[in-house]
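Following: one structure in structure tokens, then a few remarks.
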Amino acid sequence: MRAVPTSRPPRTRIRWRWLAVAIAGVVVLASLAAPTLSAHDLSITHATLTFTPGRYQLDVVVDPESLLARLEIYADRTPSTGVPAAEFADRIRALGAVALARTTVAFDGVPATSTFQFLPTATGAPGGPSGVTPGGTPGVTSGAASGVTSGGDPAGSTGGPSMLPAGTIRFTGDVPAGARQCRVTYGLVLGSYALTLVSPAGQRSTPIWIAGGQPSPALDLRAGFVDPPWWTTAFEYASLGFTHILPKGLDHILFVVGLFLLGTRWRPLLLQVTLFTVAHSVTLGLSMLDIVSLPSSIVEPLIAFSIAYVAVENLFTTELSPWRGALVFLFGLLHGLGFAGVLGELGMPRGQFGLALVSFNVGVELGQLSVIALATLAVGWWRLSNLERYRRWVVVPVSAAIAIVGLYWTATRALG
């Protein structure tokens, strides 16, 4: 008696089923009243220490919601939930003493007495609205910031932002006469942050990377602002490139994982990652030189779409197409414009531009290779032992999940 073969749904039907799941997931996510996710979150804390005659001003651009939660934790309180947008400013100002306790500007080893302010919108260099005037007096033109002196009580303030854009916390005080060195300790950030110095003449230093809560290197107030040694610049920018992939670059991680999932041969995979790196290096350099520029409202949705495209393609094919490398190169050009947002925000050392750019790209490449290494550790044994099960239980569901995220990011970023 001849055995009757077990019927099996066609592979295309399975792929369409997973794609339907992805699309349904996008619809569900889009219907939720959750904050819009960014497809290219920079996640960089940048502080600017500005000196005017006899005064200093430390500005840190912050996210008001996460800042309030952090201040409440440091004050041994339970983080608030459901806070109306209009109340964030006053609640942050009321915890000014906590911020002052975790932030120190010291001259020649002696901490200075600082005044704390919270400005609901991010500000630039002093001299404009809400800045320190050349005469040395903190001037607040909007009436939105209220001060707290070290060890003092919060001063009251009315009003607050109706939305939650990035804000600025500001620490100001006097520079002692004859001060030679300065150290900054900022303890309201979990990771490292970039500190830029601005001289009374307006000259800006190369960003210095400092671990959160740790004192900065001694800053020589007499030497002027010069580029650091080349090995320091190389290490700092390579570290920035690496951390922009791991752990901060969720969009880039998903893109690289999407490349990893299709195929089991190492040479095509490494070729794709290299093409991606070369491509984003090109547009990153051109963008930093102001030769190529696209608004983030165009770049960010396209970056998210590239993630979704790679994931969806994984659902419908098991082999690399001849044009896959060209598409990866094209997507790398887009991602390079996204990387430019990071370096554009921080600035590049004028005398070490090429070194910083190459180092950043080396860090990005190392980060991408680390993602591949971690993915291999996670599913590599399955990838080599049973290709059919690997595709059914790893490639298809993971690609569908990546497609959900990529399509959701594309929609939310395109709609603003």
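Every chain in the structure tokens takes a letter, A first, then B, and so on in the order presented; its residues are numbered from 1, and the ligands are numbered from 1 following the presented order.
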
Who sits within 10 Å of Val60 (chain A), only C-alpha atoms, same chain under 4 positions skipped, as a PyMOL selection string
chain A and resi 45-49+118+122-123+167-171+186+188+193-195

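The coordinates place CA of Lys248 (chain A) at 27.3 Å from CA of Ala75 (chain A).
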
Would you work out the distance separating CA of Thr283 (chain A) from CA of Leu334 (chain A), expressed in Å to one decimal?
7.6 Å

Identify, on the basis of only C-alpha atoms, every residue whose closest approach to region 67-74 of chain A does not exceed 8 Å; exclude the query and any residue fewer than 3 positions from it along the same chain; express the result as a PDB file with all heavy atoms, in the first residue's frame.
ATOM      1  N   VAL A  62      18.463  68.370  27.467  1.00  0.00           N
ATOM      2  CA  VAL A  62      17.892  67.202  28.131  1.00  0.00           C
ATOM      3  C   VAL A  62      16.495  66.910  27.596  1.00  0.00           C
ATOM      4  O   VAL A  62      15.841  67.762  26.993  1.00  0.00           O
ATOM      5  CB  VAL A  62      17.810  67.417  29.665  1.00  0.00           C
ATOM      6  CG1 VAL A  62      19.186  67.537  30.275  1.00  0.00           C
ATOM      7  CG2 VAL A  62      16.963  68.651  29.985  1.00  0.00           C
ATOM      8  N   ASP A  63      16.048  65.688  27.857  1.00  0.00           N
ATOM      9  CA  ASP A  63      14.660  65.309  27.644  1.00  0.00           C
ATOM     10  C   ASP A  63      13.931  65.520  28.967  1.00  0.00           C
ATOM     11  O   ASP A  63      14.264  64.869  29.966  1.00  0.00           O
ATOM     12  CB  ASP A  63      14.562  63.846  27.216  1.00  0.00           C
ATOM     13  CG  ASP A  63      13.128  63.342  27.245  1.00  0.00           C
ATOM     14  OD1 ASP A  63      12.258  64.030  26.701  1.00  0.00           O
ATOM     15  OD2 ASP A  63      12.887  62.258  27.811  1.00  0.00           O
ATOM     16  N   PRO A  64      12.949  66.435  29.038  1.00  0.00           N
ATOM     17  CA  PRO A  64      12.324  66.769  30.325  1.00  0.00           C
ATOM     18  C   PRO A  64      11.727  65.569  31.042  1.00  0.00           C
ATOM     19  O   PRO A  64      11.828  65.464  32.269  1.00  0.00           O
ATOM     20  CB  PRO A  64      11.244  67.789  29.932  1.00  0.00           C
ATOM     21  CG  PRO A  64      11.719  68.382  28.648  1.00  0.00           C
ATOM     22  CD  PRO A  64      12.427  67.275  27.932  1.00  0.00           C
ATOM     23  N   ARG A  77      12.272  59.405  45.572  1.00  0.00           N
ATOM     24  CA  ARG A  77      10.835  59.417  45.329  1.00  0.00           C
ATOM     25  C   ARG A  77      10.502  58.409  44.238  1.00  0.00           C
ATOM     26  O   ARG A  77      11.355  58.031  43.440  1.00  0.00           O
ATOM     27  CB  ARG A  77      10.364  60.809  44.882  1.00  0.00           C
ATOM     28  CG  ARG A  77      10.665  61.936  45.864  1.00  0.00           C
ATOM     29  CD  ARG A  77      10.143  63.242  45.307  1.00  0.00           C
ATOM     30  NE  ARG A  77      10.520  64.388  46.123  1.00  0.00           N
ATOM     31  CZ  ARG A  77      10.225  65.654  45.815  1.00  0.00           C
ATOM     32  NH1 ARG A  77       9.538  65.917  44.709  1.00  0.00           N
ATOM     33  NH2 ARG A  77      10.609  66.639  46.607  1.00  0.00           N
ATOM     34  N   THR A  78       9.248  58.020  44.205  1.00  0.00           N
ATOM     35  CA  THR A  78       8.774  57.153  43.118  1.00  0.00           C
ATOM     36  C   THR A  78       8.551  58.018  41.884  1.00  0.00           C
ATOM     37  O   THR A  78       7.883  59.048  41.976  1.00  0.00           O
ATOM     38  CB  THR A  78       7.463  56.459  43.510  1.00  0.00           C
ATOM     39  OG1 THR A  78       7.680  55.696  44.690  1.00  0.00           O
ATOM     40  CG2 THR A  78       6.989  55.556  42.384  1.00  0.00           C
ATOM     41  N   PRO A  79       9.118  57.632  40.731  1.00  0.00           N
ATOM     42  CA  PRO A  79       8.930  58.448  39.528  1.00  0.00           C
ATOM     43  C   PRO A  79       7.454  58.651  39.206  1.00  0.00           C
ATOM     44  O   PRO A  79       6.648  57.720  39.281  1.00  0.00           O
ATOM     45  CB  PRO A  79       9.625  57.625  38.437  1.00  0.00           C
ATOM     46  CG  PRO A  79      10.633  56.804  39.173  1.00  0.00           C
ATOM     47  CD  PRO A  79      10.009  56.485  40.488  1.00  0.00           C
ATOM     48  N   SER A  80       7.095  59.872  38.879  1.00  0.00           N
ATOM     49  CA  SER A  80       5.708  60.219  38.586  1.00  0.00           C
ATOM     50  C   SER A  80       5.292  59.659  37.237  1.00  0.00           C
ATOM     51  O   SER A  80       6.103  59.517  36.324  1.00  0.00           O
ATOM     52  CB  SER A  80       5.534  61.742  38.577  1.00  0.00           C
ATOM     53  OG  SER A  80       5.932  62.312  39.805  1.00  0.00           O
ATOM     54  N   PHE A  88       5.724  69.781  33.876  1.00  0.00           N
ATOM     55  CA  PHE A  88       7.092  69.271  33.906  1.00  0.00           C
ATOM     56  C   PHE A  88       8.088  70.330  34.346  1.00  0.00           C
ATOM     57  O   PHE A  88       8.970  70.074  35.162  1.00  0.00           O
ATOM     58  CB  PHE A  88       7.486  68.716  32.530  1.00  0.00           C
ATOM     59  CG  PHE A  88       7.124  67.282  32.344  1.00  0.00           C
ATOM     60  CD1 PHE A  88       5.902  66.931  31.805  1.00  0.00           C
ATOM     61  CD2 PHE A  88       7.987  66.270  32.735  1.00  0.00           C
ATOM     62  CE1 PHE A  88       5.551  65.594  31.637  1.00  0.00           C
ATOM     63  CE2 PHE A  88       7.648  64.935  32.579  1.00  0.00           C
ATOM     64  CZ  PHE A  88       6.423  64.602  32.022  1.00  0.00           C
ATOM     65  N   ARG A  91       7.971  71.055  38.110  1.00  0.00           N
ATOM     66  CA  ARG A  91       8.436  69.913  38.909  1.00  0.00           C
ATOM     67  C   ARG A  91       9.950  69.778  38.830  1.00  0.00           C
ATOM     68  O   ARG A  91      10.604  69.440  39.820  1.00  0.00           O
ATOM     69  CB  ARG A  91       7.760  68.628  38.415  1.00  0.00           C
ATOM     70  CG  ARG A  91       6.272  68.576  38.692  1.00  0.00           C
ATOM     71  CD  ARG A  91       5.754  67.171  38.539  1.00  0.00           C
ATOM     72  NE  ARG A  91       4.315  67.087  38.758  1.00  0.00           N
ATOM     73  CZ  ARG A  91       3.678  66.004  39.178  1.00  0.00           C
ATOM     74  NH1 ARG A  91       4.372  64.898  39.433  1.00  0.00           N
ATOM     75  NH2 ARG A  91       2.378  65.994  39.338  1.00  0.00           N
ATOM     76  N   ILE A  92      10.514  70.017  37.660  1.00  0.00           N
ATOM     77  CA  ILE A  92      11.972  69.947  37.525  1.00  0.00           C
ATOM     78  C   ILE A  92      12.624  71.051  38.340  1.00  0.00           C
ATOM     79  O   ILE A  92      13.621  70.828  39.041  1.00  0.00           O
ATOM     80  CB  ILE A  92      12.366  70.040  36.044  1.00  0.00           C
ATOM     81  CG1 ILE A  92      11.958  68.759  35.306  1.00  0.00           C
ATOM     82  CG2 ILE A  92      13.869  70.279  35.898  1.00  0.00           C
ATOM     83  CD1 ILE A  92      12.141  68.821  33.809  1.00  0.00           C
ATOM     84  N   LEU A  95      13.004  70.441  41.972  1.00  0.00           N
ATOM     85  CA  LEU A  95      14.063  69.487  42.330  1.00  0.00           C
ATOM     86  C   LEU A  95      15.445  70.029  41.953  1.00  0.00           C
ATOM     87  O   LEU A  95      16.397  69.271  41.795  1.00  0.00           O
ATOM     88  CB  LEU A  95      13.821  68.153  41.624  1.00  0.00           C
ATOM     89  CG  LEU A  95      12.571  67.383  42.092  1.00  0.00           C
ATOM     90  CD1 LEU A  95      12.260  66.231  41.139  1.00  0.00           C
ATOM     91  CD2 LEU A  95      12.773  66.856  43.510  1.00  0.00           C
ATOM     92  N   VAL A  98      18.460  68.906  43.947  1.00  0.00           N
ATOM     93  CA  VAL A  98      18.967  67.572  43.628  1.00  0.00           C
ATOM     94  C   VAL A  98      19.933  67.649  42.454  1.00  0.00           C
ATOM     95  O   VAL A  98      20.999  67.014  42.447  1.00  0.00           O
ATOM     96  CB  VAL A  98      17.800  66.619  43.302  1.00  0.00           C
ATOM     97  CG1 VAL A  98      18.322  65.233  42.936  1.00  0.00           C
ATOM     98  CG2 VAL A  98      16.841  66.533  44.480  1.00  0.00           C
ATOM     99  N   ALA A  99      19.570  68.438  41.438  1.00  0.00           N
ATOM    100  CA  ALA A  99      20.449  68.602  40.282  1.00  0.00           C
ATOM    101  C   ALA A  99      21.769  69.247  40.680  1.00  0.00           C
ATOM    102  O   ALA A  99      22.845  68.846  40.219  1.00  0.00           O
ATOM    103  CB  ALA A  99      19.758  69.444  39.207  1.00  0.00           C
ATOM    104  N   LEU A 188      23.869  63.541  36.101  1.00  0.00           N
ATOM    105  CA  LEU A 188      22.476  63.301  35.736  1.00  0.00           C
ATOM    106  C   LEU A 188      22.346  62.536  34.427  1.00  0.00           C
ATOM    107  O   LEU A 188      21.310  62.581  33.772  1.00  0.00           O
ATOM    108  CB  LEU A 188      21.726  64.641  35.635  1.00  0.00           C
ATOM    109  CG  LEU A 188      21.602  65.428  36.941  1.00  0.00           C
ATOM    110  CD1 LEU A 188      20.927  66.766  36.697  1.00  0.00           C
ATOM    111  CD2 LEU A 188      20.825  64.627  37.987  1.00  0.00           C
TER     112      LEU A 188
END
